[in-house]
Amino acid sequence: MNDSIRKYMKPGLIHFMAYPSVIKGEGPIEETFRKIALDDYFEVAEITWIKDAAARKNVKKMIETSHMEVAYGGQPLLLTTGLNINDLDEAGRQKAVEALKAGIDEAYEMGALGFAFLSGKYPLDKVEEAYAALVTSTRELCSYAKTKGDMKVALEVFDYDVDKKSLIGPVDLAKRYAAQICVEYDNFGLMVDLSHLPLLHETAEQSLRPVKDYIIHAHMGNCVVRDPALPGYGDAHPRFGFPGGENDVDELAEYLRVLLSIGFLSKEKRPIVSFEVKPFGDEDPDLVIAGAKRVLNLAWEKV
């Protein structure tokens, strides 16, 4: 592709994945966020909960000063607490929804463009019951977000049988779910992730084209899935080029080609497409980020 990538998308980085020490809403949030804000490669940073009010205020000032945009990842509010929004126990489901509503409040406080969450684990013999609980929770979240403004709400599609074992899930169920919610709520859509495709046992074409009308956000990353004995196995988001990993330049190029062909990448919309890369072991986060940028530059030349 000869055109600049910026004509078709807003490159982003997930702050709490690149610097995983902040994923619980604490730690060196301001120092690490500042590194992203100083890097003009990124137009968008994806943040998560920031427990300290003063830190939130300082990060928001950095966002405004550096002319960045942000999206909010609500996934850590569930993954680090064990909460499940399709919990078949009603008290558990409500607790998960309340946690995400608090995240929506914080997302609006930070001026986020979108809010993301994920579905939870499910009993294999009660898929329909779990699906019904997910739909109920999603309706509550979309309704709540709509009372406060026009921020988009996205469910991120995760693996259903390897690591996170989330209900959504396989592409057919993801399509059914998105179609059902989007009929009722114009502030909802799906988030897709290159790193999850091998975990879903789906190609980019198989995973993206059936849900093309519902995709509003995309991630780029890698995973290890071919052998459970390998380091980084599962949904660990290791860097591109990680030993035993599934995705590198060619796979990212194919992912971008499909996103372009279905109209997601476009000059009119310029959607957010963010790196979800995480240092493994003692790897330097800044080197992991630099490597991801190089991979995207090379992949875009192949699109």
# chains A, B, ... in the order shown; residues from 1 in each chain; ligands from 1
>>> closest_atom_pairs(of="region 217-288 of chain A", to="region 115-125 of chain A", cutoff="12 Å", atoms="only C-alpha atoms", output="tab-separated table")
residue	atom	partner	partner_atom	distance
A:His217	CA	A:Ala116	CA	9.2
A:Ala218	CA	A:Ala116	CA	11.0
A:His219	CA	A:Ala116	CA	11.7
>>> write_last_selection(atoms="C-alpha atoms", output="PDB file, in the first residue's frame")
ATOM      1  CA  HIS A 217     -12.583  -1.585  16.832  1.00  0.00           C
ATOM      2  CA  ALA A 218      -9.587  -3.830  16.111  1.00  0.00           C
ATOM      3  CA  HIS A 219      -6.438  -5.041  17.846  1.00  0.00           C
TER       4      HIS A 219
END
>>> residues_around(residues="Glu205 (chain A)", least_positions_apart="6", cutoff="12 Å", atoms="only C-alpha atoms", output="PyMOL selection string")
chain A and resi 171+194+197+211-212+251+254-262
>>> select_by_dssp(residues="region 181-277 of chain A", states="alpha helix (DSSP H)", output="list in words")
Ile181, Cys182, Val183, Glu184, Leu197, Pro198, Leu199, Leu200, Ala204, Glu205, Gln206, Ser207, Leu208, Val249, Asp250, Glu251, Leu252, Ala253, Glu254, Tyr255, Leu256, Arg257, Val258, Leu259, Leu260 and Ser261 of chain A
>>> atom_distance(atom1="CA of Asp150 (chain A)", atom2="CA of Asp186 (chain A)")
9.6 Å
>>> closest_atom_pairs(of="region 221-247 of chain A", to="region 280-288 of chain A", cutoff="8 Å", atoms="only C-alpha atoms", output="CSV")
residue,atom,partner,partner_atom,distance
A:Gly232,CA,A:Phe280,CA,7.5
A:Pro238,CA,A:Phe280,CA,6.2
A:Arg239,CA,A:Val288,CA,6.0
>>> closest_residue(among="A:Glu129, A:Glu184, A:Glu46, A:Asp3", to="Tyr19 (chain A)", atoms="only C-alpha atoms")
A:Glu46
>>> residues_around(residues="region 87-91 of chain A", least_positions_apart="2", cutoff="9 Å", atoms="only C-alpha atoms", output="compact mmCIF listing (two decimals) with N, CA and C atoms, in the first residue's frame")
# COMPACT_ATOMS: atom_id res chain seq x y z
N LEU A 83 -14.81 -11.66 37.96
CA LEU A 83 -16.22 -11.40 37.70
C LEU A 83 -16.60 -11.85 36.29
N ASN A 84 -17.88 -12.15 36.10
CA ASN A 84 -18.36 -12.74 34.84
C ASN A 84 -19.73 -12.15 34.52
N ILE A 85 -19.83 -11.45 33.40
CA ILE A 85 -21.11 -10.80 33.11
C ILE A 85 -22.17 -11.75 32.54
N ARG A 93 -23.71 -11.97 38.38
CA ARG A 93 -23.88 -11.21 37.14
C ARG A 93 -24.04 -9.72 37.43
N GLN A 94 -24.87 -9.40 38.40
CA GLN A 94 -25.11 -8.00 38.73
C GLN A 94 -23.84 -7.32 39.26
N LYS A 95 -23.05 -8.07 40.01
CA LYS A 95 -21.80 -7.51 40.53
C LYS A 95 -20.85 -7.17 39.38
N ALA A 96 -20.81 -8.04 38.37
CA ALA A 96 -19.97 -7.79 37.21
C ALA A 96 -20.45 -6.57 36.43
N GLY A 120 -17.81 -13.92 29.61
CA GLY A 120 -17.12 -14.76 30.58
C GLY A 120 -17.19 -16.24 30.24
N LYS A 121 -16.66 -17.03 31.14
CA LYS A 121 -16.71 -18.49 31.00
C LYS A 121 -18.15 -18.96 31.09
N TYR A 122 -18.40 -20.19 30.64
CA TYR A 122 -19.76 -20.70 30.55
C TYR A 122 -19.76 -22.21 30.70
N GLU A 129 -28.32 -20.57 28.28
CA GLU A 129 -28.57 -19.81 29.51
C GLU A 129 -27.51 -18.73 29.70
N ALA A 130 -26.26 -19.08 29.42
CA ALA A 130 -25.18 -18.10 29.53
C ALA A 130 -25.36 -16.99 28.49
N ALA A 133 -27.95 -14.56 29.65
CA ALA A 133 -27.40 -13.68 30.69
C ALA A 133 -26.51 -12.61 30.08
N LEU A 134 -25.73 -12.99 29.07
CA LEU A 134 -24.86 -12.02 28.38
C LEU A 134 -25.69 -10.94 27.70
>>> closest_residue(among="A:Ala45, A:Val22, A:Ala145, A:Val135", to="Pro76 (chain A)", atoms="only C-alpha atoms")
A:Val22
>>> closest_residue(among="A:Glu128, A:Glu106, A:Asp52, A:Asp193", to="Val70 (chain A)", atoms="only C-alpha atoms")
A:Glu106
